[in-house]
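**Q** Here you go, work-v3.cif (mmCIF, C-alpha atoms):
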data_start
loop_
_atom_site.label_atom_id
_atom_site.label_comp_id
_atom_site.auth_asym_id
_atom_site.auth_seq_id
_atom_site.Cartn_x
_atom_site.Cartn_y
_atom_site.Cartn_z
CA MET A 1240 -73.96 50.76 -6.36
CA GLN A 1241 -77.47 49.71 -5.37
CA SER A 1242 -78.36 48.54 -8.90
CA ALA A 1243 -75.06 46.69 -9.14
CA VAL A 1244 -75.77 44.89 -5.86
CA GLU A 1245 -79.30 43.93 -6.94
CA ALA A 1246 -77.99 42.49 -10.20
CA LEU A 1247 -75.69 40.18 -8.25
CA LYS A 1248 -78.70 38.05 -7.23
CA TYR A 1249 -78.77 36.63 -10.75
CA GLN A 1250 -75.03 36.40 -11.28
CA GLY A 1251 -72.94 33.31 -10.66
CA ASP A 1252 -69.22 33.03 -11.34
CA PRO A 1253 -68.74 32.70 -15.11
CA LEU A 1254 -65.06 31.67 -14.89
CA ALA A 1255 -65.59 28.89 -12.36
CA ASP A 1256 -69.00 27.89 -13.73
CA ALA A 1257 -67.50 27.26 -17.17
CA VAL A 1258 -64.83 25.01 -15.65
CA ILE A 1259 -67.37 22.87 -13.78
CA ALA A 1260 -69.62 22.53 -16.81
CA ASP A 1261 -66.65 21.37 -18.86
CA LEU A 1262 -65.45 18.89 -16.23
CA VAL A 1263 -68.88 17.35 -15.74
CA SER A 1264 -69.47 16.96 -19.46
CA GLY A 1265 -66.04 15.39 -19.88
CA GLY A 1266 -66.29 13.13 -16.85
CA THR A 1267 -62.94 14.34 -15.45
CA THR A 1268 -64.07 15.77 -12.11
CA GLN A 1269 -62.40 13.10 -9.96
CA VAL A 1270 -59.08 13.40 -11.77
CA VAL A 1271 -59.03 17.16 -11.23
CA ASN A 1272 -59.92 16.73 -7.55
CA GLU A 1273 -56.95 14.44 -7.08
CA VAL A 1274 -54.55 16.86 -8.75
CA LEU A 1275 -55.83 19.95 -6.94
CA ALA A 1276 -55.58 18.16 -3.58
CA HIS A 1277 -51.81 18.64 -3.88
CA PHE A 1278 -52.05 22.24 -5.05
CA ARG A 1279 -51.83 24.09 -1.71
CA ASP A 1280 -49.37 26.99 -1.76
CA ASN A 1281 -49.10 30.26 -3.68
CA ASP A 1282 -45.54 29.41 -4.74
CA GLN A 1283 -46.42 26.11 -6.37
CA PRO A 1284 -46.49 26.14 -10.16
CA ILE A 1285 -49.89 25.37 -11.62
CA PRO A 1286 -50.02 21.60 -12.17
CA GLU A 1287 -49.32 20.53 -15.74
CA ASP A 1288 -51.62 17.49 -15.73
CA LEU A 1289 -54.87 19.45 -15.74
CA PRO A 1290 -57.45 20.02 -18.46
CA GLU A 1291 -56.79 23.22 -20.37
CA THR A 1292 -59.98 24.88 -19.08
CA VAL A 1293 -58.82 24.35 -15.49
CA ARG A 1294 -55.33 25.68 -16.21
CA ARG A 1295 -56.76 28.81 -17.87
CA TYR A 1296 -59.01 29.38 -14.86
CA LEU A 1297 -56.10 29.02 -12.40
CA VAL A 1298 -53.94 31.41 -14.41
CA ALA A 1299 -56.74 33.98 -14.63
CA THR A 1300 -57.41 33.91 -10.87
CA ASP A 1301 -53.93 33.61 -9.37
CA ALA A 1302 -53.25 37.24 -8.39
CA PRO A 1303 -54.96 39.94 -6.31
CA PRO A 1304 -56.38 42.97 -8.13
CA ASP A 1305 -54.00 45.72 -9.24
CA TRP A 1306 -55.40 48.09 -6.64
CA ALA A 1307 -54.56 45.81 -3.70
CA ASP A 1308 -52.20 47.44 -1.17
CA LEU A 1309 -50.15 44.61 0.36
CA ASP A 1310 -48.85 46.90 3.13
CA ARG A 1311 -52.41 47.23 4.41
CA VAL A 1312 -52.77 43.46 4.18
CA ALA A 1313 -49.67 43.15 6.38
CA SER A 1314 -51.25 45.48 8.94
CA ALA A 1315 -54.26 43.21 9.20
CA TYR A 1316 -51.90 40.30 9.85
CA GLU A 1317 -50.51 42.08 12.91
CA PHE A 1318 -54.06 42.65 14.15
CA PHE A 1319 -54.84 38.95 13.77
CA VAL A 1320 -51.66 37.96 15.60
CA ASP A 1321 -52.83 40.03 18.57
CA ASP A 1322 -56.56 39.29 18.44
CA GLY A 1323 -56.98 36.15 16.35
CA VAL A 1324 -58.50 34.21 19.24
CA HIS A 1325 -61.14 36.88 19.74
CA VAL A 1326 -61.82 37.10 16.00
CA ALA A 1327 -62.36 33.34 16.08
CA SER A 1328 -64.70 33.64 19.07
CA VAL A 1329 -66.96 36.07 17.23
CA LEU A 1330 -66.78 34.00 14.05
CA SER A 1331 -67.82 30.95 16.05
CA PHE A 1332 -70.64 32.48 18.06
CA GLY A 1333 -71.82 35.28 15.78
CA ALA A 1334 -70.88 35.09 12.12
CA MET A 1335 -71.72 31.43 11.64
CA VAL A 1336 -75.13 31.91 13.25
CA ASN A 1337 -75.87 35.10 11.30
CA CYS A 1338 -75.17 33.17 8.10
CA TYR A 1339 -77.95 30.78 9.12
CA ALA A 1340 -80.32 33.71 9.63
CA GLN A 1341 -80.34 34.13 5.84
CA PRO A 1342 -83.05 31.80 4.48
CA ARG A 1343 -81.71 31.57 0.91
CA PRO A 1344 -78.13 30.41 1.70
CA SER A 1345 -79.52 28.11 4.42
CA ARG A 1346 -81.76 26.48 1.84
CA VAL A 1347 -78.71 25.90 -0.38
CA LEU A 1348 -77.08 24.01 2.48
CA SER A 1349 -80.19 21.90 2.90
CA LEU A 1350 -80.16 20.97 -0.79
CA THR A 1351 -76.51 19.92 -0.57
CA HIS A 1352 -77.29 17.70 2.45
CA ARG A 1353 -75.00 19.68 4.72
CA LEU A 1354 -77.46 20.54 7.49
CA ASN A 1355 -76.03 17.75 9.65
CA GLN A 1356 -72.35 18.54 9.02
CA PRO A 1357 -71.58 21.60 11.16
CA HIS A 1358 -68.11 20.26 11.96
CA ARG A 1359 -67.17 20.28 8.28
CA ARG A 1360 -68.54 23.76 7.62
CA LEU A 1361 -66.83 25.13 10.74
CA SER A 1362 -63.54 23.51 9.78
CA GLU A 1363 -63.69 24.80 6.20
CA THR A 1364 -64.46 28.31 7.43
CA ALA A 1365 -61.61 28.08 9.91
CA GLN A 1366 -59.10 27.01 7.29
CA PHE A 1367 -60.22 29.79 4.94
CA VAL A 1368 -59.73 32.45 7.64
CA LEU A 1369 -56.38 31.04 8.80
CA HIS A 1370 -54.99 31.12 5.27
CA LEU A 1371 -56.43 34.61 4.77
CA MET A 1372 -54.72 35.90 7.91
CA GLY A 1373 -51.26 34.53 7.19
CA ARG A 1374 -48.29 36.90 6.88
CA ASN A 1375 -48.48 37.17 3.10
CA PRO A 1376 -51.74 35.51 2.04
CA PHE A 1377 -51.65 36.69 -1.59
CA GLY A 1378 -47.90 36.37 -2.21
CA SER A 1379 -44.84 34.20 -1.74
CA GLY A 1380 -45.01 31.92 1.28
CA GLY A 1381 -48.79 32.11 1.56
CA SER A 1382 -51.48 29.52 0.91
CA PHE A 1383 -54.58 31.60 0.37
CA VAL A 1384 -54.75 31.92 -3.41
CA PRO A 1385 -55.25 28.16 -4.04
CA THR A 1386 -57.77 28.16 -1.18
CA ILE A 1387 -59.83 30.84 -2.93
CA GLN A 1388 -59.52 29.15 -6.32
CA LYS A 1389 -60.79 25.85 -4.94
CA THR A 1390 -63.57 27.59 -3.02
CA ARG A 1391 -64.84 29.18 -6.24
CA LEU A 1392 -64.89 25.77 -7.94
CA ILE A 1393 -66.78 24.23 -5.02
CA HIS A 1394 -69.38 27.00 -5.18
CA ALA A 1395 -69.66 26.53 -8.94
CA ALA A 1396 -70.22 22.80 -8.49
CA VAL A 1397 -73.01 23.50 -5.99
CA ARG A 1398 -74.63 25.95 -8.42
CA TYR A 1399 -74.36 23.45 -11.27
CA PHE A 1400 -76.14 20.64 -9.48
CA ILE A 1401 -78.75 22.71 -7.64
CA THR A 1402 -79.84 24.54 -10.79
CA ARG A 1403 -80.32 21.15 -12.46
CA SER A 1404 -82.05 19.51 -9.50
CA GLY A 1405 -85.54 20.84 -10.29
CA GLU A 1406 -85.74 22.16 -6.72
CA TRP A 1407 -84.66 25.74 -7.34
CA ASP A 1408 -86.53 28.56 -9.10
CA ILE A 1409 -83.93 30.97 -10.46
CA GLU A 1410 -86.51 33.53 -11.57
CA ALA A 1411 -87.96 33.74 -8.06
CA ASP A 1412 -84.89 33.08 -5.89
CA GLY A 1413 -81.97 34.14 -8.05
CA VAL A 1414 -78.93 32.00 -8.73
CA PRO A 1415 -77.94 29.70 -5.83
CA LEU A 1416 -74.73 30.92 -4.20
CA CYS A 1417 -74.98 34.04 -6.32
CA GLN A 1418 -72.52 36.92 -6.04
CA GLN A 1419 -74.99 38.72 -3.79
CA ASP A 1420 -74.70 35.81 -1.36
CA MET A 1421 -70.90 36.03 -1.64
CA LEU A 1422 -71.02 39.75 -0.87
CA GLY A 1423 -73.31 39.10 2.09
CA ALA A 1424 -70.94 36.46 3.48
CA LEU A 1425 -68.02 38.86 3.06
CA LEU A 1426 -69.84 41.52 5.10
CA ILE A 1427 -70.75 39.01 7.82
CA PHE A 1428 -67.17 37.81 8.18
CA SER A 1429 -65.69 41.31 8.12
CA VAL A 1430 -68.05 44.09 9.23
CA GLN A 1431 -70.07 41.95 11.61
CA VAL A 1432 -66.97 40.40 13.19
CA ILE A 1433 -65.60 43.84 14.04
CA ASP A 1434 -68.98 44.92 15.40
CA GLY A 1435 -69.27 41.68 17.38
CA MET A 1436 -65.83 42.09 18.93
CA ARG A 1437 -66.70 45.58 20.07
CA ARG A 1438 -70.08 44.37 21.35
CA ILE A 1439 -68.41 41.94 23.75
CA GLY A 1440 -65.87 44.52 24.89
CA ILE A 1441 -62.81 43.73 22.78
CA ALA A 1442 -60.96 46.93 21.86
CA VAL A 1443 -60.54 47.36 18.10
CA THR A 1444 -59.08 50.62 16.79
CA ASP A 1445 -60.54 52.35 13.76
CA ARG A 1446 -57.34 51.63 11.81
CA GLU A 1447 -57.44 47.92 12.71
CA ALA A 1448 -61.09 47.72 11.69
CA GLU A 1449 -60.45 49.42 8.35
CA ASP A 1450 -57.48 47.17 7.57
CA TYR A 1451 -59.38 44.02 8.53
CA TYR A 1452 -62.23 44.96 6.20
CA TYR A 1453 -59.72 45.87 3.48
CA VAL A 1454 -58.25 42.35 3.44
CA TRP A 1455 -61.75 40.92 3.00
CA ARG A 1456 -62.40 43.39 0.18
CA VAL A 1457 -59.30 42.13 -1.64
CA THR A 1458 -60.53 38.60 -0.95
CA GLY A 1459 -63.91 39.48 -2.43
CA ALA A 1460 -62.26 40.52 -5.67
CA LEU A 1461 -60.43 37.19 -5.85
CA LEU A 1462 -63.73 35.42 -5.17
CA GLY A 1463 -65.17 37.07 -8.25
CA ILE A 1464 -67.31 39.76 -6.62
CA PRO A 1465 -67.38 42.81 -8.93
CA ALA A 1466 -65.32 45.67 -7.51
CA ASP A 1467 -68.12 48.22 -8.03
CA ALA A 1468 -70.38 46.19 -5.72
CA MET A 1469 -67.95 46.25 -2.78
CA PRO A 1470 -67.81 49.41 -0.65
CA GLU A 1471 -64.39 51.04 -0.43
CA THR A 1472 -64.62 52.10 3.22
CA LEU A 1473 -65.71 50.37 6.40
CA ALA A 1474 -68.44 52.95 7.01
CA GLU A 1475 -69.91 52.29 3.56
CA ALA A 1476 -69.64 48.55 4.18
CA GLN A 1477 -71.51 48.91 7.49
CA ALA A 1478 -74.30 50.76 5.70
CA LEU A 1479 -74.52 48.07 3.02
CA ASN A 1480 -74.48 45.36 5.69
CA ALA A 1481 -77.56 46.90 7.30
CA ARG A 1482 -79.33 47.37 3.96
CA LEU A 1483 -78.43 44.05 2.31
CA VAL A 1484 -77.53 41.45 4.93
CA GLU A 1485 -79.41 42.33 8.09
CA ALA A 1486 -82.48 43.19 6.05
CA SER A 1487 -82.43 39.65 4.63
CA TYR A 1488 -82.53 37.94 8.03
CA GLY A 1489 -85.56 35.90 8.87
CA PRO A 1490 -86.75 32.58 10.32
CA SER A 1491 -86.46 29.34 8.37
CA ALA A 1492 -86.64 25.65 9.25
CA GLU A 1493 -83.22 25.17 7.66
CA GLY A 1494 -81.70 27.99 9.71
CA VAL A 1495 -83.10 26.57 12.93
CA GLU A 1496 -81.70 23.12 12.20
CA LEU A 1497 -78.30 24.45 11.17
CA THR A 1498 -78.09 26.49 14.37
CA ARG A 1499 -79.20 23.59 16.55
CA ASN A 1500 -76.53 21.32 15.06
CA LEU A 1501 -73.87 24.00 15.45
CA LEU A 1502 -74.70 24.58 19.11
CA SER A 1503 -74.59 20.84 19.75
CA LEU A 1504 -71.14 20.71 18.19
CA TYR A 1505 -69.89 23.54 20.41
CA GLU A 1506 -71.33 21.92 23.52
CA ASP A 1507 -69.63 18.64 22.66
CA LEU A 1508 -66.29 20.43 22.30
CA VAL A 1509 -66.50 22.19 25.68
CA PRO A 1510 -65.55 19.64 28.38
CA GLY A 1511 -68.25 18.63 30.85
CA LYS A 1512 -71.83 19.80 31.16
CA ALA A 1513 -71.23 22.78 33.42
CA PHE A 1514 -70.46 25.09 30.51
CA ASP A 1515 -73.24 23.97 28.16
CA GLY A 1516 -75.33 27.04 28.89
CA VAL A 1517 -72.49 29.43 28.09
CA VAL A 1518 -72.60 28.46 24.42
CA ALA A 1519 -76.14 29.72 23.90
CA ALA A 1520 -75.46 32.74 26.14
CA MET A 1521 -72.42 33.70 24.08
CA VAL A 1522 -74.41 33.41 20.86
CA ARG A 1523 -77.12 35.64 22.29
CA GLN A 1524 -74.47 38.16 23.34
CA VAL A 1525 -73.01 38.44 19.82
CA VAL A 1526 -76.12 38.24 17.59
CA THR A 1527 -79.26 40.34 17.96
CA PRO A 1528 -82.13 39.07 20.15
CA GLU A 1529 -84.37 38.88 17.07
CA VAL A 1530 -81.93 36.64 15.18
CA ALA A 1531 -81.42 34.46 18.25
CA ASP A 1532 -85.17 34.02 18.64
CA TRP A 1533 -85.70 33.27 14.95
CA LEU A 1534 -83.06 30.55 15.13
CA GLU A 1535 -84.41 29.26 18.47
CA VAL A 1536 -81.19 29.75 20.40
CA PRO A 1537 -81.98 28.60 23.96
CA HIS A 1538 -82.10 31.01 26.86
CA SER A 1539 -79.76 30.24 29.74
CA ARG A 1540 -80.65 32.35 32.75
CA ALA A 1541 -77.59 31.48 34.84
CA TRP A 1542 -75.07 32.10 32.10
CA ALA A 1543 -77.01 35.10 30.78
CA ARG A 1544 -76.37 36.79 34.13
CA THR A 1545 -72.63 36.31 33.56
CA VAL A 1546 -72.26 36.77 29.83
CA GLY A 1547 -75.35 38.80 28.98
CA THR A 1548 -74.32 41.82 31.02
CA GLY A 1549 -72.43 42.80 27.91
CA VAL A 1550 -69.40 44.96 27.42
CA ARG A 1551 -68.43 45.49 31.06
CA VAL A 1552 -68.33 41.81 31.93
CA MET A 1553 -66.52 40.75 28.75
CA ARG A 1554 -63.89 43.45 29.30
CA LEU A 1555 -63.37 42.05 32.77
CA LEU A 1556 -63.02 38.54 31.35
CA GLU A 1557 -60.51 39.75 28.78
CA ARG A 1558 -58.39 41.50 31.41
CA SER A 1559 -58.50 38.47 33.68
CA GLU A 1560 -57.85 35.93 30.92
CA ASP A 1561 -54.50 34.81 32.32
CA ARG A 1562 -55.82 34.51 35.88
CA SER A 1563 -59.35 33.21 35.62
CA ARG A 1564 -60.20 29.63 34.66
CA VAL A 1565 -63.74 30.75 33.81
CA ALA A 1566 -62.45 33.53 31.56
CA THR A 1567 -60.10 31.13 29.82
CA ALA A 1568 -62.97 28.71 29.19
CA VAL A 1569 -65.16 31.46 27.74
CA LEU A 1570 -62.57 33.26 25.59
CA ASP A 1571 -59.77 30.90 24.67
CA LYS A 1572 -61.89 27.79 24.30
CA ALA A 1573 -64.26 29.73 22.11
CA GLY A 1574 -61.42 30.91 19.93
CA SER A 1575 -59.83 27.48 19.69
CA LEU A 1576 -63.00 26.18 18.04
CA LEU A 1577 -61.89 27.96 14.89
CA LEU A 1578 -58.13 27.70 15.48
CA GLY A 1579 -58.11 23.97 15.08
CA GLY A 1580 -57.51 22.48 18.53
CA SER A 1581 -60.71 20.49 18.68
CA VAL A 1582 -62.45 20.97 15.35
CA ARG A 1583 -62.07 17.88 13.17
CA THR A 1584 -63.78 16.85 10.00
CA LEU A 1585 -64.41 13.21 9.26
CA THR A 1586 -63.49 11.87 5.86
CA ASN A 1587 -64.09 8.14 5.62
CA GLY A 1588 -63.81 8.01 9.37
CA GLN A 1589 -60.38 9.66 9.46
CA PRO A 1590 -59.84 12.86 11.51
CA THR A 1591 -58.27 15.84 9.75
CA THR A 1592 -56.86 18.75 11.74
CA LEU A 1593 -56.54 22.27 10.43
CA THR A 1594 -53.32 23.72 9.08
CA ILE A 1595 -52.19 26.87 10.87
CA PRO A 1596 -49.58 28.98 9.02
CA SER A 1597 -46.24 28.40 10.75
CA ASP A 1598 -45.58 32.04 11.66
CA LEU A 1599 -49.01 32.43 13.27
CA ARG A 1600 -48.61 29.16 15.11
CA GLU A 1601 -45.22 30.18 16.54
CA LYS A 1602 -46.50 33.54 17.76
CA TRP A 1603 -49.61 31.99 19.32
CA LEU A 1604 -47.61 29.23 20.97
CA ALA A 1605 -45.32 31.85 22.48
CA ALA A 1606 -48.37 33.69 23.78
CA GLY A 1607 -49.90 30.47 25.10
CA VAL A 1608 -53.08 30.65 23.03
CA CYS A 1609 -52.40 28.39 20.04
CA PRO A 1610 -53.90 24.86 20.15
CA VAL A 1611 -50.95 22.45 20.10
CA ALA A 1612 -53.07 19.83 18.35
CA ALA A 1613 -53.26 21.87 15.18
CA ARG A 1614 -50.56 21.40 12.58
CA GLY A 1615 -48.30 24.12 11.34
CA LYS A 1616 -48.15 24.80 7.64
CA ASP A 1617 -45.08 22.62 7.23
CA GLY A 1618 -46.47 19.72 9.22
#
Show the structure stored in the file as structure tokens.
**A**
Amino acid sequence: MQSAVEALKYQGDPLADAVIADLVSGGTTQVVNEVLAHFRDNDQPIPEDLPETVRRYLVATDAPPDWADLDRVASAYEFFVDDGVHVASVLSFGAMVNCYAQPRPSRVLSLTHRLNQPHRRLSETAQFVLHLMGRNPFGSGGSFVPTIQKTRLIHAAVRYFITRSGEWDIEADGVPLCQQDMLGALLIFSVQVIDGMRRIGIAVTDREAEDYYYVWRVTGALLGIPADAMPETLAEAQALNARLVEASYGPSAEGVELTRNLLSLYEDLVPGKAFDGVVAAMVRQVVTPEVADWLEVPHSRAWARTVGTGVRVMRLLERSEDRSRVATAVLDKAGSLLLGGSVRTLTNGQPTTLTIPSDLREKWLAAGVCPVAARGKDG
């Protein structure tokens, strides 16, 4: 597997890359964007008014791999219903920051002028995860397959323009947004989220952890990551995470700026100034001290005494969530950053809220944790 993983540094996504090359040469990119904007659900037929290369790509990528066990996918859905807010908290404070600890992907963001758009990246990540964690993400009633297909095309477009910008050395740095980067992101959003939840005292059973990783493994296949590069078990994935992802962490100017902008966004979303320090303290609780220092995450002594005591304190906050205003601010507000209550992206000055699958929204509303500002799948 090691040689397969190393080879991924020089591998893009041939299916999606061919589509982008064809669209750019034919000058039809805008037309395709307009058509795909209305292609949102798994049940929708593939639009007829698309170039043949796009239609072939959509047909070739519209189903999970044959080995995918949809019963296990359903088990992960139940886990997300129960702990989606806490998954979102760790995604917000840990996974996003750990992504910025990787100098190569951070440099890609700098070349696409997205260093100063943390709200957009957070919102896109949120929507991806929400569609992934719907009741039937890969089948009827779900919305995840078109999400993955569009994501692959976006990545291919980034590769196309960066490799032709004259600012990227493929021989030295590999392909931008290569499949190794995709595998690394998959491990951050799966393995590291489970580890982060346990680090802050959230109980996750071994079965829940395995099923959560399994859904991401199926997702990786749909993203184009070769099956032989993805570990089959969580334990193997944890070992690869340490060898591939954590070993790649390091300081970079781009990572520092991305992290600074992200923290500013979080602080703006938390009402008032009293809780500003808790944002940095939560980040330092979820990521390693070395990563936090590399990315210049501020120290907050007062909040570090509350949050930084680790598992015992966070377990207390979780138990007291319904009774403590402080606990609610730390846990539920953190989760709502990725569940759509306050995160908005600006497109021509217009706010766009996230779409939460209707079944998830109903369950979270009943539990009192779903942001009412976010739209359900049907509006």
**Q** Please write as an NGL selection string the full residue list that the PyMOL selection byres ((chain A and resi 1268-1277) around 9) yields on this file.
**A** :A and (1259 or 1262-1263 or 1265-1267 or 1278-1280 or 1286 or 1288-1290 or 1293 or 1385 or 1389)
**Q** For Thr1300 (chain A), which of A:Gln1419, A:Gln1341, A:Thr1390, A:Ser1349 is the closest residue, counting only C-alpha atoms?
**A**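 Closest candidate: A:Thr1390.
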**Q** Where's the centre, and what are the edge lengths in Å to one decimal, of a box along x, y and z enclosing all listed atoms of region 1266-1280 of chain A padded 4 Å per side, as lines of an AutoDock Vina configuration file?
**A**
center_x = -57.8
center_y = 20.0
center_z = -9.3
size_x = 24.9
size_y = 21.9
size_z = 23.1
**Q** Ranking A:Glu1287, A:Pro1304, A:Arg1446, A:Leu1350 by minimum distance to Gly1405 (chain A) and counting all atoms listed in the file, which one comes first?
**A**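 Among the listed residues, A:Leu1350 lies closest to Gly1405 (chain A).
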**Q** Please enumerate the residues selected by the PyMOL selection byres ((chain A and resi 1382) around 9) when evaluated against the supplied file, formatted as a PDB file with C-alpha atoms, in the coordinates of the input.
**A**
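Result file out.pdb:
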ATOM      1  CA  ARG A1279     -51.830  24.090  -1.710  1.00  0.00           C
ATOM      2  CA  ASP A1280     -49.370  26.990  -1.760  1.00  0.00           C
ATOM      3  CA  ASN A1281     -49.100  30.260  -3.680  1.00  0.00           C
ATOM      4  CA  ASP A1282     -45.540  29.410  -4.740  1.00  0.00           C
ATOM      5  CA  HIS A1370     -54.990  31.120   5.270  1.00  0.00           C
ATOM      6  CA  LEU A1371     -56.430  34.610   4.770  1.00  0.00           C
ATOM      7  CA  GLY A1373     -51.260  34.530   7.190  1.00  0.00           C
ATOM      8  CA  ASN A1375     -48.480  37.170   3.100  1.00  0.00           C
ATOM      9  CA  PRO A1376     -51.740  35.510   2.040  1.00  0.00           C
ATOM     10  CA  PHE A1377     -51.650  36.690  -1.590  1.00  0.00           C
ATOM     11  CA  GLY A1378     -47.900  36.370  -2.210  1.00  0.00           C
ATOM     12  CA  SER A1379     -44.840  34.200  -1.740  1.00  0.00           C
ATOM     13  CA  GLY A1380     -45.010  31.920   1.280  1.00  0.00           C
ATOM     14  CA  GLY A1381     -48.790  32.110   1.560  1.00  0.00           C
ATOM     15  CA  PHE A1383     -54.580  31.600   0.370  1.00  0.00           C
ATOM     16  CA  VAL A1384     -54.750  31.920  -3.410  1.00  0.00           C
ATOM     17  CA  PRO A1385     -55.250  28.160  -4.040  1.00  0.00           C
ATOM     18  CA  THR A1386     -57.770  28.160  -1.180  1.00  0.00           C
ATOM     19  CA  PRO A1596     -49.580  28.980   9.020  1.00  0.00           C
ATOM     20  CA  LYS A1616     -48.150  24.800   7.640  1.00  0.00           C
TER      21      LYS A1616
END
**Q** Kindly provide the residues of region 1447-1507 of chain A that approach region 1317-1335 of chain A to within 12 Å, each paired with its closest atom pair and their distance in Å to one decimal, based on all atoms listed in the file, listed by chain and increasing number, as a tab-separated table.
**A**
residue	atom	partner	partner_atom	distance
A:Glu1447	CA	A:Phe1318	CA	6.4
A:Ala1448	CA	A:Phe1318	CA	9.0
A:Glu1449	CA	A:Phe1318	CA	11.0
A:Asp1450	CA	A:Phe1318	CA	8.7
A:Tyr1451	CA	A:Phe1318	CA	7.9
A:Tyr1452	CA	A:Phe1318	CA	11.6
A:Val1454	CA	A:Phe1319	CA	11.4
A:Val1484	CA	A:Ala1334	CA	11.7
A:Glu1485	CA	A:Ala1334	CA	11.9
A:Gly1494	CA	A:Met1335	CA	10.7
A:Leu1497	CA	A:Met1335	CA	9.6
A:Thr1498	CA	A:Met1335	CA	8.5
A:Arg1499	CA	A:Met1335	CA	11.9
A:Asn1500	CA	A:Met1335	CA	11.7
A:Leu1501	CA	A:Met1335	CA	8.6
A:Leu1502	CA	A:Phe1332	CA	8.9
A:Leu1504	CA	A:Ser1331	CA	11.0
A:Tyr1505	CA	A:Ser1331	CA	8.8
A:Glu1506	CA	A:Phe1332	CA	11.9
**Q** With all atoms listed in the file as the atoms that count, which of A:Ala1365, A:Ile1285, A:Ile1427, A:Ile1409 lies nearest to Asp1301 (chain A)?
**A**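 So, comparing all the options, the nearest one is A:Ile1285.
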**Q** Can you give me, as a ChimeraX atom specification, the residues this file yields under the PyMOL selection byres ((chain A and resi 1468-1471) around 6)?
**A** /A:1240,1243-1244,1465-1467,1472,1475-1476
**Q** Tell me, in Å to one decimal, how far CA of Pro1537 (chain A) is from CA of Asp1434 (chain A).
**A**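 So the two atoms, CA of Pro1537 (chain A) and CA of Asp1434 (chain A), lie 22.6 Å apart.
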**Q** If you count only C-alpha atoms, which residues fall within 10 Å of Gln1418 (chain A), apart from same-chain ones fewer than 2 positions away, as a list in words?
**A**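 Answer for this query is Val1244, Glu1245, Ala1246, Leu1247, Lys1248, Tyr1249, Gln1250, Gly1251, Asp1252, Val1414, Pro1415, Leu1416, Asp1420, Met1421, Leu1422, Gly1423, Ala1424, Gly1459, Leu1462, Gly1463, Ile1464, Pro1465 and Ala1468 of chain A.
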**Q** Could you turn the residues from that selection into a file that holds C-alpha atoms, as a tab-separated table (two decimals), in the frame of the given file?
**A**
chain	number	residue	atom	x	y	z
A	1244	VAL	CA	-75.77	44.89	-5.86
A	1245	GLU	CA	-79.30	43.93	-6.94
A	1246	ALA	CA	-77.99	42.49	-10.20
A	1247	LEU	CA	-75.69	40.18	-8.25
A	1248	LYS	CA	-78.70	38.05	-7.23
A	1249	TYR	CA	-78.77	36.63	-10.75
A	1250	GLN	CA	-75.03	36.40	-11.28
A	1251	GLY	CA	-72.94	33.31	-10.66
A	1252	ASP	CA	-69.22	33.03	-11.34
A	1414	VAL	CA	-78.93	32.00	-8.73
A	1415	PRO	CA	-77.94	29.70	-5.83
A	1416	LEU	CA	-74.73	30.92	-4.20
A	1420	ASP	CA	-74.70	35.81	-1.36
A	1421	MET	CA	-70.90	36.03	-1.64
A	1422	LEU	CA	-71.02	39.75	-0.87
A	1423	GLY	CA	-73.31	39.10	2.09
A	1424	ALA	CA	-70.94	36.46	3.48
A	1459	GLY	CA	-63.91	39.48	-2.43
A	1462	LEU	CA	-63.73	35.42	-5.17
A	1463	GLY	CA	-65.17	37.07	-8.25
A	1464	ILE	CA	-67.31	39.76	-6.62
A	1465	PRO	CA	-67.38	42.81	-8.93
A	1468	ALA	CA	-70.38	46.19	-5.72
**Q** Hey, which of A:Thr1444, A:Ser1487, A:Asn1337, A:Asn1480 ends up closest to Val1525 (chain A)? Count only C-alpha atoms.
**A**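 Answer, going by the shortest atom-to-atom distance: A:Asn1337.
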**Q** One decimal, in Å: what's the spacing between CA of Gln1388 (chain A) and CA of Leu1461 (chain A)?
**A** 8.1 Å
**Q** A:Arg1360, A:Ile1441, A:Arg1343, A:Gln1366: which is nearest Trp1407 (chain A), counting only C-alpha atoms?
**A**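 So, comparing all the options, the nearest one is A:Arg1343.
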**Q** Record the distance separating CA of Ser1404 (chain A) and CA of Ala1255 (chain A), expressed in Å with one decimal.
**A**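 For CA of Ser1404 (chain A) relative to CA of Ala1255 (chain A), the distance reads 19.2 Å.
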**Q** Here is a test: counting only C-alpha atoms, which residue of A:Ala1520, A:Val1368, A:Val1536, A:Cys1417 is nearest to Asp1256 (chain A)?
**A**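 The closest residue to Asp1256 (chain A) is A:Cys1417.
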**Q** Missing atoms in region 1480-1484 of chain A: can you complete it with N, CA and C atoms, as an mmCIF file, in the coordinates of the input?
**A**
data_model
loop_
_atom_site.group_PDB
_atom_site.id
_atom_site.type_symbol
_atom_site.label_atom_id
_atom_site.label_comp_id
_atom_site.auth_asym_id
_atom_site.auth_seq_id
_atom_site.Cartn_x
_atom_site.Cartn_y
_atom_site.Cartn_z
ATOM 1 N N ASN A 1480 -74.149 46.516 4.854
ATOM 2 C CA ASN A 1480 -74.480 45.360 5.690
ATOM 3 C C ASN A 1480 -75.883 45.492 6.260
ATOM 4 N N ALA A 1481 -76.219 46.679 6.733
ATOM 5 C CA ALA A 1481 -77.560 46.900 7.300
ATOM 6 C C ALA A 1481 -78.631 46.795 6.224
ATOM 7 N N ARG A 1482 -78.345 47.318 5.038
ATOM 8 C CA ARG A 1482 -79.330 47.370 3.960
ATOM 9 C C ARG A 1482 -79.496 46.030 3.241
ATOM 10 N N LEU A 1483 -78.399 45.288 3.100
ATOM 11 C CA LEU A 1483 -78.430 44.050 2.310
ATOM 12 C C LEU A 1483 -78.509 42.808 3.171
ATOM 13 N N VAL A 1484 -77.634 42.704 4.166
ATOM 14 C CA VAL A 1484 -77.530 41.450 4.930
ATOM 15 C C VAL A 1484 -78.559 41.398 6.053
#
